[in-house]
file model32.tsv (TSV, C-alpha atoms)
chain	number	residue	atom	x	y	z
A	241	MET	CA	-63.74	229.80	232.25
A	242	ILE	CA	-61.04	230.15	234.90
A	243	LYS	CA	-59.91	226.87	236.45
A	244	LEU	CA	-56.75	227.79	238.35
A	245	VAL	CA	-55.28	230.83	240.13
A	246	ILE	CA	-51.55	231.25	240.71
A	247	PHE	CA	-50.58	233.46	243.66
A	248	ASP	CA	-47.20	235.05	244.27
A	249	TYR	CA	-46.05	235.09	247.91
A	250	ASP	CA	-44.05	238.20	248.83
A	251	GLY	CA	-46.06	241.35	248.26
A	252	VAL	CA	-49.31	239.52	247.52
A	253	ILE	CA	-49.85	237.28	250.55
A	254	VAL	CA	-47.27	238.57	253.03
A	255	ASP	CA	-46.14	242.14	253.65
A	256	SER	CA	-42.46	241.28	253.43
A	257	PHE	CA	-40.66	244.32	252.02
A	258	ILE	CA	-40.02	245.84	255.45
A	259	THR	CA	-38.52	242.51	256.52
A	260	VAL	CA	-36.30	242.42	253.43
A	261	TYR	CA	-35.12	245.96	254.10
A	262	ASP	CA	-34.19	245.03	257.68
A	263	ILE	CA	-32.24	242.00	256.43
A	264	TYR	CA	-30.37	244.09	253.89
A	265	LYS	CA	-29.36	246.50	256.64
A	266	THR	CA	-27.82	243.50	258.41
A	267	ILE	CA	-26.13	242.46	255.16
A	268	GLY	CA	-24.77	245.98	254.77
A	269	SER	CA	-23.40	245.98	258.30
A	270	LYS	CA	-21.69	242.60	257.93
A	271	LEU	CA	-20.28	243.19	254.45
A	272	ASN	CA	-19.53	246.90	254.83
A	273	VAL	CA	-22.03	247.88	252.13
A	274	LYS	CA	-23.93	251.16	252.32
A	275	ILE	CA	-27.69	250.56	252.42
A	276	PRO	CA	-30.17	253.42	251.70
A	277	SER	CA	-31.27	255.17	254.86
A	278	THR	CA	-35.02	254.96	254.11
A	279	ILE	CA	-37.22	252.15	252.89
A	280	GLU	CA	-38.44	254.22	249.94
A	281	GLU	CA	-34.88	254.83	248.79
A	282	PHE	CA	-34.20	251.12	249.20
A	283	ARG	CA	-37.30	250.28	247.16
A	284	LYS	CA	-35.84	252.22	244.22
A	285	THR	CA	-32.43	250.62	244.72
A	286	TYR	CA	-33.89	247.12	244.88
A	287	GLY	CA	-35.19	247.31	241.32
A	288	ASP	CA	-36.94	244.30	239.81
A	289	ASN	CA	-35.08	241.51	241.62
A	290	PHE	CA	-32.30	240.73	244.10
A	291	SER	CA	-29.67	240.46	241.36
A	292	GLU	CA	-30.43	244.00	240.28
A	293	CYS	CA	-30.31	245.06	243.91
A	294	TYR	CA	-26.85	243.53	244.39
A	295	LYS	CA	-25.65	245.34	241.29
A	296	ASN	CA	-27.12	248.67	242.41
A	297	LEU	CA	-25.53	248.29	245.84
A	298	GLY	CA	-22.15	247.46	244.32
A	299	ILE	CA	-21.96	243.98	245.85
A	300	ASP	CA	-19.40	241.91	243.91
A	301	LYS	CA	-19.80	238.21	243.07
A	302	ASP	CA	-17.85	236.95	246.09
A	303	ASN	CA	-19.92	239.02	248.48
A	304	GLN	CA	-23.15	238.11	246.69
A	305	THR	CA	-22.68	234.52	247.85
A	306	LYS	CA	-22.11	235.77	251.40
A	307	ALA	CA	-25.12	238.08	251.14
A	308	MET	CA	-27.39	235.22	250.06
A	309	LYS	CA	-26.21	233.12	253.00
A	310	ILE	CA	-26.86	235.97	255.44
A	311	PHE	CA	-30.27	236.56	253.88
A	312	GLY	CA	-31.28	232.92	254.32
A	313	GLU	CA	-30.11	232.84	257.93
A	314	GLU	CA	-31.82	236.10	258.87
A	315	LEU	CA	-35.05	235.19	257.10
A	316	GLU	CA	-35.60	232.19	259.36
A	317	ASN	CA	-36.00	234.54	262.33
A	318	LYS	CA	-38.47	236.88	260.61
A	319	ASN	CA	-42.24	236.56	260.56
A	320	PRO	CA	-43.81	239.06	258.14
A	321	GLU	CA	-47.54	239.65	258.56
A	322	ILE	CA	-50.06	238.53	255.98
A	323	PHE	CA	-51.99	241.31	254.25
A	324	CYS	CA	-55.39	242.19	255.66
A	325	GLY	CA	-58.11	240.34	253.76
A	326	ILE	CA	-55.85	237.86	251.97
A	327	LYS	CA	-57.06	234.92	254.08
A	328	ASP	CA	-60.64	235.64	252.96
A	329	VAL	CA	-59.46	235.83	249.34
A	330	LEU	CA	-57.69	232.48	249.56
A	331	SER	CA	-60.61	230.81	251.31
A	332	TRP	CA	-63.02	232.05	248.62
A	333	ALA	CA	-60.69	231.17	245.74
A	334	ASN	CA	-60.17	227.66	247.14
A	335	GLU	CA	-63.91	227.05	246.94
A	336	HIS	CA	-64.08	227.94	243.25
A	337	TYR	CA	-60.70	227.14	241.68
A	338	GLU	CA	-57.49	225.19	241.96
A	339	VAL	CA	-55.20	227.48	243.96
A	340	ILE	CA	-51.43	227.26	243.82
A	341	LEU	CA	-48.45	229.34	244.92
A	342	ILE	CA	-45.28	230.04	242.95
A	343	SER	CA	-42.60	232.07	244.74
A	344	SER	CA	-39.01	233.21	244.31
A	345	ASN	CA	-38.62	232.77	248.07
A	346	TYR	CA	-37.26	229.63	249.70
A	347	THR	CA	-39.85	226.84	249.72
A	348	LYS	CA	-39.11	225.95	253.35
A	349	GLU	CA	-39.58	229.57	254.42
A	350	VAL	CA	-42.83	229.93	252.47
A	351	LEU	CA	-44.32	226.73	253.90
A	352	GLN	CA	-43.38	227.70	257.44
A	353	LYS	CA	-45.04	231.11	257.21
A	354	LEU	CA	-48.14	229.74	255.50
A	355	GLU	CA	-48.52	227.12	258.23
A	356	ASN	CA	-47.97	229.74	260.95
A	357	ASN	CA	-50.93	231.66	259.54
A	358	ASN	CA	-52.99	228.51	258.87
A	359	ILE	CA	-53.37	229.33	255.18
A	360	HIS	CA	-51.29	226.51	253.67
A	361	LYS	CA	-54.48	224.43	253.47
A	362	TYR	CA	-55.84	226.61	250.67
A	363	PHE	CA	-53.10	225.62	248.21
A	364	SER	CA	-52.98	222.36	246.29
A	365	PHE	CA	-49.43	223.05	245.10
A	366	ILE	CA	-46.65	225.23	246.56
A	367	ASP	CA	-43.29	225.81	244.90
A	368	GLY	CA	-40.50	228.20	245.84
A	369	ASN	CA	-36.89	228.77	244.80
A	370	CYS	CA	-38.03	230.10	241.43
A	371	ALA	CA	-35.16	232.60	241.17
A	372	ILE	CA	-35.71	235.55	238.83
A	373	ASN	CA	-37.89	234.26	236.00
A	374	LYS	CA	-40.99	232.25	236.82
A	375	SER	CA	-42.07	231.66	233.22
A	376	GLU	CA	-40.83	228.06	233.14
A	377	LYS	CA	-42.74	227.29	236.34
A	378	PHE	CA	-45.87	228.84	234.85
A	379	LYS	CA	-45.45	226.68	231.73
A	380	PHE	CA	-44.97	223.64	233.94
A	381	ILE	CA	-48.25	224.41	235.74
A	382	LEU	CA	-50.13	224.70	232.46
A	383	GLU	CA	-48.81	221.28	231.44
A	384	LYS	CA	-49.28	219.69	234.87
A	385	TYR	CA	-52.95	220.66	235.08
A	386	LYS	CA	-53.57	220.39	231.31
A	387	LEU	CA	-54.87	223.95	231.08
A	388	LYS	CA	-55.20	226.46	228.29
A	389	SER	CA	-53.59	229.89	228.67
A	390	ASN	CA	-56.99	231.56	229.13
A	391	GLU	CA	-58.00	229.24	231.98
A	392	VAL	CA	-55.40	230.60	234.43
A	393	ILE	CA	-54.94	233.84	236.36
A	394	VAL	CA	-51.53	234.94	237.65
A	395	ILE	CA	-51.55	237.32	240.63
A	396	GLY	CA	-48.30	239.13	241.42
A	397	ASP	CA	-46.92	242.47	242.50
A	398	ARG	CA	-43.74	242.94	240.45
A	399	LEU	CA	-42.85	243.58	236.83
A	400	SER	CA	-41.05	240.22	236.85
A	401	ASP	CA	-44.33	238.45	237.68
A	402	TYR	CA	-45.98	240.20	234.75
A	403	THR	CA	-43.24	239.48	232.22
A	404	SER	CA	-42.95	235.85	233.33
A	405	ALA	CA	-46.68	235.35	232.79
A	406	ILE	CA	-46.46	237.01	229.37
A	407	GLU	CA	-43.55	234.74	228.40
A	408	ALA	CA	-45.62	231.73	229.47
A	409	GLU	CA	-48.43	233.09	227.25
A	410	ILE	CA	-50.86	233.30	230.16
A	411	GLU	CA	-53.71	235.57	229.19
A	412	HIS	CA	-54.99	236.83	232.55
A	413	ILE	CA	-52.65	238.75	234.85
A	414	ILE	CA	-53.37	240.85	237.94
A	415	ILE	CA	-50.56	242.95	239.43
A	416	VAL	CA	-51.51	244.43	242.82
A	417	GLU	CA	-50.70	247.96	243.95
A	418	TYR	CA	-50.20	247.11	247.61
A	419	GLY	CA	-47.09	244.96	247.14
A	420	TRP	CA	-43.42	245.71	246.50
A	421	GLY	CA	-44.12	248.20	243.73
A	422	TYR	CA	-43.92	248.21	239.93
A	423	ASP	CA	-44.08	250.53	236.93
A	424	ARG	CA	-47.70	250.40	235.72
A	425	ASN	CA	-46.64	251.80	232.34
A	426	LYS	CA	-44.70	248.58	231.73
A	427	CYS	CA	-47.76	246.43	232.43
A	428	PRO	CA	-50.28	247.53	229.76
A	429	ASN	CA	-52.51	244.46	230.20
A	430	ASN	CA	-53.00	245.06	233.92
A	431	LYS	CA	-56.45	246.66	233.84
A	432	PHE	CA	-57.20	246.36	237.57
A	433	VAL	CA	-56.19	248.68	240.41
A	434	ILE	CA	-55.93	246.49	243.51
A	435	ASN	CA	-55.14	248.63	246.55
A	436	GLU	CA	-56.40	246.06	249.07
A	437	ALA	CA	-56.20	242.28	248.95
A	438	ILE	CA	-59.95	241.80	249.33
A	439	GLN	CA	-60.48	243.52	245.97
A	440	LEU	CA	-58.95	240.50	244.29
A	441	ILE	CA	-62.22	238.60	244.65
A	442	ASP	CA	-64.14	241.02	242.42
A	443	ALA	CA	-61.26	241.15	239.94
A	444	ILE	CA	-61.18	237.36	239.62
A	445	LYS	CA	-64.96	237.26	239.24
A	446	GLU	CA	-64.81	239.88	236.50
A	447	ILE	CA	-62.20	237.92	234.57
A	448	ASP	CA	-64.12	234.67	234.96
A	449	VAL	CA	-67.33	236.04	233.41
A	450	SER	CA	-65.64	237.97	230.59
call {"tool": "encode", "arguments": {"input": "model32.tsv", "output": "structure tokens"}}
result
Amino acid sequence: MIKLVIFDYDGVIVDSFITVYDIYKTIGSKLNVKIPSTIEEFRKTYGDNFSECYKNLGIDKDNQTKAMKIFGEELENKNPEIFCGIKDVLSWANEHYEVILISSNYTKEVLQKLENNNIHKYFSFIDGNCAINKSEKFKFILEKYKLKSNEVIVIGDRLSDYTSAIEAEIEHIIIVEYGWGYDRNKCPNNKFVINEAIQLIDAIKEIDVS
């Protein structure tokens, strides 16, 4: 029986990749770094996380610190839209399970955007600043709520979400297709194809009765 659902933020709740691409174009302009000319090229360059992106763009350690500062400043002025149907998913999930959010994004930024869209109320716990690997946060959640690994579902959109859940020994993982993008071949346990957020409801139901 499922008792708790963990949602990622970027790429699951908010459509943020376009925003990130725009910010990186600003970073490129300020630091004299060439940024891919199309969002699809940038998607490939970005890789699995921002550290990989910095490496692929040839940003050295000194400029990485500057890039992170620029990113944080620019992000405050952005307001990515939430995905169609995700509010209905969160409302439904909140009625049946404990619902929490674990994000690599800044906690302040996440809270602000959730409040702007009046969806913060669906989460009993929100935690950002989880850097590259979320596995320790997932383990913390299992301990905090005294849950078994088969009583939790992790919902993400990146390979890093998948591998972090595996490392935390969480049994149920859903990686959505509509997010930032991932290599399905590297996620063999992801049996669902979620092209729209609203499809998450049926996927969660299916897991809960299996």
call {"tool": "atom_distance", "arguments": {"input": "model32.tsv", "atom1": "CA of Ile434 (chain A)", "atom2": "CA of Val416 (chain A)"}}
result
4.9 Å
call {"tool": "closest_residue", "arguments": {"input": "model32.tsv", "among": "A:Tyr249, A:Leu297, A:Tyr362, A:Phe378", "to": "His336 (chain A)", "atoms": "all atoms listed in the file"}}
result
A:Tyr362
call {"tool": "atom_distance", "arguments": {"input": "model32.tsv", "atom1": "CA of Phe432 (chain A)", "atom2": "CA of Leu399 (chain A)"}}
result
14.6 Å
call {"tool": "closest_residue", "arguments": {"input": "model32.tsv", "among": "A:Ile414, A:Ile441, A:Val339, A:Leu244", "to": "Ile359 (chain A)", "atoms": "all atoms listed in the file"}}
result
A:Val339
call {"tool": "residues_around", "arguments": {"input": "model32.tsv", "residues": "Phe311 (chain A)", "least_positions_apart": "2", "cutoff": "9 Å", "atoms": "all atoms listed in the file", "output": "list in words"}}
result
Val260, Ile263, Tyr264, Thr266, Ile267, Lys306, Ala307, Met308, Lys309, Glu313, Glu314, Leu315 and Glu316 of chain A
call {"tool": "residues_around", "arguments": {"input": "model32.tsv", "residues": "region 380-391 of chain A", "least_positions_apart": "3", "cutoff": "8 Å", "atoms": "only C-alpha atoms", "output": "VMD selection string"}}
result
chain A and resid 241 to 244 376 to 377 409 to 412
call {"tool": "residues_near_point", "arguments": {"input": "model32.tsv", "point": "(-40.2, 245.5, 257.6)", "cutoff": "10 Å", "atoms": "all atoms listed in the file", "output": "PDB file with C-alpha atoms, keeping the file's coordinate frame"}}
result
ATOM      1  CA  ASP A 255     -46.140 242.140 253.650  1.00  0.00           C
ATOM      2  CA  SER A 256     -42.460 241.280 253.430  1.00  0.00           C
ATOM      3  CA  PHE A 257     -40.660 244.320 252.020  1.00  0.00           C
ATOM      4  CA  ILE A 258     -40.020 245.840 255.450  1.00  0.00           C
ATOM      5  CA  THR A 259     -38.520 242.510 256.520  1.00  0.00           C
ATOM      6  CA  VAL A 260     -36.300 242.420 253.430  1.00  0.00           C
ATOM      7  CA  TYR A 261     -35.120 245.960 254.100  1.00  0.00           C
ATOM      8  CA  ASP A 262     -34.190 245.030 257.680  1.00  0.00           C
ATOM      9  CA  ILE A 263     -32.240 242.000 256.430  1.00  0.00           C
ATOM     10  CA  ILE A 279     -37.220 252.150 252.890  1.00  0.00           C
ATOM     11  CA  LYS A 318     -38.470 236.880 260.610  1.00  0.00           C
ATOM     12  CA  ASN A 319     -42.240 236.560 260.560  1.00  0.00           C
ATOM     13  CA  PRO A 320     -43.810 239.060 258.140  1.00  0.00           C
ATOM     14  CA  GLU A 321     -47.540 239.650 258.560  1.00  0.00           C
TER      15      GLU A 321
END
call {"tool": "residues_around", "arguments": {"input": "model32.tsv", "residues": "Ser344 (chain A)", "least_positions_apart": "2", "cutoff": "12 Å", "atoms": "all atoms listed in the file", "output": "PyMOL selection string"}}
result
chain A and resi 247-251+289-290+341-342+346-350+366-375+377+396+398+400-401+404
call {"tool": "write_last_selection", "arguments": {"input": "model32.tsv", "atoms": "C-alpha atoms", "output": "tab-separated table (two decimals), in the coordinates of the input"}}
result
chain	number	residue	atom	x	y	z
A	247	PHE	CA	-50.58	233.46	243.66
A	248	ASP	CA	-47.20	235.05	244.27
A	249	TYR	CA	-46.05	235.09	247.91
A	250	ASP	CA	-44.05	238.20	248.83
A	251	GLY	CA	-46.06	241.35	248.26
A	289	ASN	CA	-35.08	241.51	241.62
A	290	PHE	CA	-32.30	240.73	244.10
A	341	LEU	CA	-48.45	229.34	244.92
A	342	ILE	CA	-45.28	230.04	242.95
A	346	TYR	CA	-37.26	229.63	249.70
A	347	THR	CA	-39.85	226.84	249.72
A	348	LYS	CA	-39.11	225.95	253.35
A	349	GLU	CA	-39.58	229.57	254.42
A	350	VAL	CA	-42.83	229.93	252.47
A	366	ILE	CA	-46.65	225.23	246.56
A	367	ASP	CA	-43.29	225.81	244.90
A	368	GLY	CA	-40.50	228.20	245.84
A	369	ASN	CA	-36.89	228.77	244.80
A	370	CYS	CA	-38.03	230.10	241.43
A	371	ALA	CA	-35.16	232.60	241.17
A	372	ILE	CA	-35.71	235.55	238.83
A	373	ASN	CA	-37.89	234.26	236.00
A	374	LYS	CA	-40.99	232.25	236.82
A	375	SER	CA	-42.07	231.66	233.22
A	377	LYS	CA	-42.74	227.29	236.34
A	396	GLY	CA	-48.30	239.13	241.42
A	398	ARG	CA	-43.74	242.94	240.45
A	400	SER	CA	-41.05	240.22	236.85
A	401	ASP	CA	-44.33	238.45	237.68
A	404	SER	CA	-42.95	235.85	233.33
call {"tool": "atom_distance", "arguments": {"input": "model32.tsv", "atom1": "CA of Ser343 (chain A)", "atom2": "CA of Lys445 (chain A)"}}
result
23.6 Å
call {"tool": "residues_around", "arguments": {"input": "model32.tsv", "residues": "Glu281 (chain A)", "least_positions_apart": "4", "cutoff": "12 Å", "atoms": "all atoms listed in the file", "output": "list in words"}}
result
Tyr261, Ile275, Pro276, Ser277, Thr285, Tyr286, Gly287, Cys293, Asn296 and Leu297 of chain A
call {"tool": "closest_residue", "arguments": {"input": "model32.tsv", "among": "A:Ile340, A:Lys379, A:Lys265, A:Ile326", "to": "Thr278 (chain A)", "atoms": "all atoms listed in the file"}}
result
A:Lys265
call {"tool": "closest_residue", "arguments": {"input": "model32.tsv", "among": "A:Val329, A:Ala443, A:Phe282, A:Tyr402", "to": "Asn425 (chain A)", "atoms": "all atoms listed in the file"}}
result
A:Tyr402
call {"tool": "residues_around", "arguments": {"input": "model32.tsv", "residues": "Lys327 (chain A)", "least_positions_apart": "4", "cutoff": "12 Å", "atoms": "all atoms listed in the file", "output": "list in words"}}
result
Val252, Ile253, Val254, Glu321, Ile322, Phe323, Ser331, Trp332, Ala333, Asn334, Leu354, Asn357, Asn358, Ile359, His360, Lys361, Tyr362, Phe363, Ala437, Ile438, Leu440 and Ile441 of chain A
call {"tool": "closest_residue", "arguments": {"input": "model32.tsv", "among": "A:Val394, A:Tyr294, A:Gly325, A:Lys270", "to": "Asn435 (chain A)", "atoms": "only C-alpha atoms"}}
result
A:Gly325
call {"tool": "closest_residue", "arguments": {"input": "model32.tsv", "among": "A:Val245, A:Ile395, A:Leu271, A:Ile299", "to": "Asp448 (chain A)", "atoms": "all atoms listed in the file"}}
result
A:Val245
call {"tool": "build_atoms", "arguments": {"input": "model32.tsv", "residues": "region 323-357 of chain A", "atoms": "N, CA and C atoms", "output": "PDB file, in the frame of the given file"}}
result
ATOM      1  N   PHE A 323     -51.192 240.114 254.535  1.00  0.00           N
ATOM      2  CA  PHE A 323     -51.990 241.310 254.250  1.00  0.00           C
ATOM      3  C   PHE A 323     -53.426 241.120 254.727  1.00  0.00           C
ATOM      4  N   CYS A 324     -53.992 242.193 255.216  1.00  0.00           N
ATOM      5  CA  CYS A 324     -55.390 242.190 255.660  1.00  0.00           C
ATOM      6  C   CYS A 324     -56.294 241.754 254.503  1.00  0.00           C
ATOM      7  N   GLY A 325     -57.142 240.790 254.754  1.00  0.00           N
ATOM      8  CA  GLY A 325     -58.110 240.340 253.760  1.00  0.00           C
ATOM      9  C   GLY A 325     -57.650 239.184 252.897  1.00  0.00           C
ATOM     10  N   ILE A 326     -56.346 238.887 252.882  1.00  0.00           N
ATOM     11  CA  ILE A 326     -55.850 237.860 251.970  1.00  0.00           C
ATOM     12  C   ILE A 326     -56.346 236.462 252.364  1.00  0.00           C
ATOM     13  N   LYS A 327     -56.548 236.229 253.645  1.00  0.00           N
ATOM     14  CA  LYS A 327     -57.060 234.920 254.080  1.00  0.00           C
ATOM     15  C   LYS A 327     -58.467 234.696 253.520  1.00  0.00           C
ATOM     16  N   ASP A 328     -59.288 235.742 253.521  1.00  0.00           N
ATOM     17  CA  ASP A 328     -60.640 235.640 252.960  1.00  0.00           C
ATOM     18  C   ASP A 328     -60.577 235.381 251.458  1.00  0.00           C
ATOM     19  N   VAL A 329     -59.629 236.030 250.792  1.00  0.00           N
ATOM     20  CA  VAL A 329     -59.460 235.830 249.340  1.00  0.00           C
ATOM     21  C   VAL A 329     -59.098 234.381 249.052  1.00  0.00           C
ATOM     22  N   LEU A 330     -58.139 233.847 249.790  1.00  0.00           N
ATOM     23  CA  LEU A 330     -57.690 232.480 249.560  1.00  0.00           C
ATOM     24  C   LEU A 330     -58.786 231.463 249.865  1.00  0.00           C
ATOM     25  N   SER A 331     -59.517 231.701 250.936  1.00  0.00           N
ATOM     26  CA  SER A 331     -60.610 230.810 251.310  1.00  0.00           C
ATOM     27  C   SER A 331     -61.674 230.773 250.209  1.00  0.00           C
ATOM     28  N   TRP A 332     -62.025 231.957 249.705  1.00  0.00           N
ATOM     29  CA  TRP A 332     -63.020 232.050 248.620  1.00  0.00           C
ATOM     30  C   TRP A 332     -62.502 231.388 247.348  1.00  0.00           C
ATOM     31  N   ALA A 333     -61.266 231.706 246.972  1.00  0.00           N
ATOM     32  CA  ALA A 333     -60.690 231.170 245.740  1.00  0.00           C
ATOM     33  C   ALA A 333     -60.614 229.644 245.793  1.00  0.00           C
ATOM     34  N   ASN A 334     -60.282 229.113 246.960  1.00  0.00           N
ATOM     35  CA  ASN A 334     -60.170 227.660 247.140  1.00  0.00           C
ATOM     36  C   ASN A 334     -61.499 226.945 246.908  1.00  0.00           C
ATOM     37  N   GLU A 335     -62.598 227.639 247.141  1.00  0.00           N
ATOM     38  CA  GLU A 335     -63.910 227.050 246.940  1.00  0.00           C
ATOM     39  C   GLU A 335     -64.314 226.976 245.470  1.00  0.00           C
ATOM     40  N   HIS A 336     -63.659 227.816 244.637  1.00  0.00           N
ATOM     41  CA  HIS A 336     -64.080 227.940 243.250  1.00  0.00           C
ATOM     42  C   HIS A 336     -63.045 227.458 242.223  1.00  0.00           C
ATOM     43  N   TYR A 337     -61.758 227.439 242.642  1.00  0.00           N
ATOM     44  CA  TYR A 337     -60.700 227.140 241.680  1.00  0.00           C
ATOM     45  C   TYR A 337     -59.608 226.274 242.330  1.00  0.00           C
ATOM     46  N   GLU A 338     -58.744 225.749 241.478  1.00  0.00           N
ATOM     47  CA  GLU A 338     -57.490 225.190 241.960  1.00  0.00           C
ATOM     48  C   GLU A 338     -56.609 226.374 242.326  1.00  0.00           C
ATOM     49  N   VAL A 339     -56.011 226.352 243.497  1.00  0.00           N
ATOM     50  CA  VAL A 339     -55.200 227.480 243.960  1.00  0.00           C
ATOM     51  C   VAL A 339     -53.786 226.997 244.241  1.00  0.00           C
ATOM     52  N   ILE A 340     -52.813 227.636 243.600  1.00  0.00           N
ATOM     53  CA  ILE A 340     -51.430 227.260 243.820  1.00  0.00           C
ATOM     54  C   ILE A 340     -50.578 228.490 244.114  1.00  0.00           C
ATOM     55  N   LEU A 341     -49.369 228.249 244.586  1.00  0.00           N
ATOM     56  CA  LEU A 341     -48.450 229.340 244.920  1.00  0.00           C
ATOM     57  C   LEU A 341     -47.102 229.085 244.267  1.00  0.00           C
ATOM     58  N   ILE A 342     -46.605 230.096 243.550  1.00  0.00           N
ATOM     59  CA  ILE A 342     -45.280 230.040 242.950  1.00  0.00           C
ATOM     60  C   ILE A 342     -44.497 231.245 243.464  1.00  0.00           C
ATOM     61  N   SER A 343     -43.346 230.997 244.095  1.00  0.00           N
ATOM     62  CA  SER A 343     -42.600 232.070 244.740  1.00  0.00           C
ATOM     63  C   SER A 343     -41.112 231.997 244.402  1.00  0.00           C
ATOM     64  N   SER A 344     -40.465 233.156 244.431  1.00  0.00           N
ATOM     65  CA  SER A 344     -39.010 233.210 244.310  1.00  0.00           C
ATOM     66  C   SER A 344     -38.345 232.953 245.662  1.00  0.00           C
ATOM     67  N   ASN A 345     -39.141 232.984 246.718  1.00  0.00           N
ATOM     68  CA  ASN A 345     -38.620 232.770 248.070  1.00  0.00           C
ATOM     69  C   ASN A 345     -38.318 231.289 248.289  1.00  0.00           C
ATOM     70  N   TYR A 346     -37.582 231.008 249.365  1.00  0.00           N
ATOM     71  CA  TYR A 346     -37.260 229.630 249.700  1.00  0.00           C
ATOM     72  C   TYR A 346     -38.516 228.845 250.056  1.00  0.00           C
ATOM     73  N   THR A 347     -38.652 227.646 249.489  1.00  0.00           N
ATOM     74  CA  THR A 347     -39.850 226.840 249.720  1.00  0.00           C
ATOM     75  C   THR A 347     -40.071 226.574 251.206  1.00  0.00           C
ATOM     76  N   LYS A 348     -39.014 226.227 251.919  1.00  0.00           N
ATOM     77  CA  LYS A 348     -39.110 225.950 253.350  1.00  0.00           C
ATOM     78  C   LYS A 348     -39.651 227.153 254.105  1.00  0.00           C
ATOM     79  N   GLU A 349     -39.139 228.329 253.769  1.00  0.00           N
ATOM     80  CA  GLU A 349     -39.580 229.570 254.420  1.00  0.00           C
ATOM     81  C   GLU A 349     -41.045 229.839 254.118  1.00  0.00           C
ATOM     82  N   VAL A 350     -41.445 229.680 252.872  1.00  0.00           N
ATOM     83  CA  VAL A 350     -42.830 229.930 252.470  1.00  0.00           C
ATOM     84  C   VAL A 350     -43.779 228.986 253.218  1.00  0.00           C
ATOM     85  N   LEU A 351     -43.460 227.716 253.226  1.00  0.00           N
ATOM     86  CA  LEU A 351     -44.320 226.730 253.900  1.00  0.00           C
ATOM     87  C   LEU A 351     -44.464 227.031 255.387  1.00  0.00           C
ATOM     88  N   GLN A 352     -43.351 227.397 256.010  1.00  0.00           N
ATOM     89  CA  GLN A 352     -43.380 227.700 257.440  1.00  0.00           C
ATOM     90  C   GLN A 352     -44.311 228.860 257.750  1.00  0.00           C
ATOM     91  N   LYS A 353     -44.206 229.923 256.961  1.00  0.00           N
ATOM     92  CA  LYS A 353     -45.040 231.110 257.210  1.00  0.00           C
ATOM     93  C   LYS A 353     -46.503 230.853 256.884  1.00  0.00           C
ATOM     94  N   LEU A 354     -46.757 230.081 255.831  1.00  0.00           N
ATOM     95  CA  LEU A 354     -48.140 229.740 255.500  1.00  0.00           C
ATOM     96  C   LEU A 354     -48.771 228.916 256.612  1.00  0.00           C
ATOM     97  N   GLU A 355     -48.014 227.961 257.139  1.00  0.00           N
ATOM     98  CA  GLU A 355     -48.520 227.120 258.230  1.00  0.00           C
ATOM     99  C   GLU A 355     -48.729 227.934 259.499  1.00  0.00           C
ATOM    100  N   ASN A 356     -47.827 228.875 259.775  1.00  0.00           N
ATOM    101  CA  ASN A 356     -47.970 229.740 260.950  1.00  0.00           C
ATOM    102  C   ASN A 356     -49.271 230.521 260.918  1.00  0.00           C
ATOM    103  N   ASN A 357     -49.700 230.871 259.701  1.00  0.00           N
ATOM    104  CA  ASN A 357     -50.930 231.660 259.540  1.00  0.00           C
ATOM    105  C   ASN A 357     -52.129 230.799 259.157  1.00  0.00           C
TER     106      ASN A 357
END
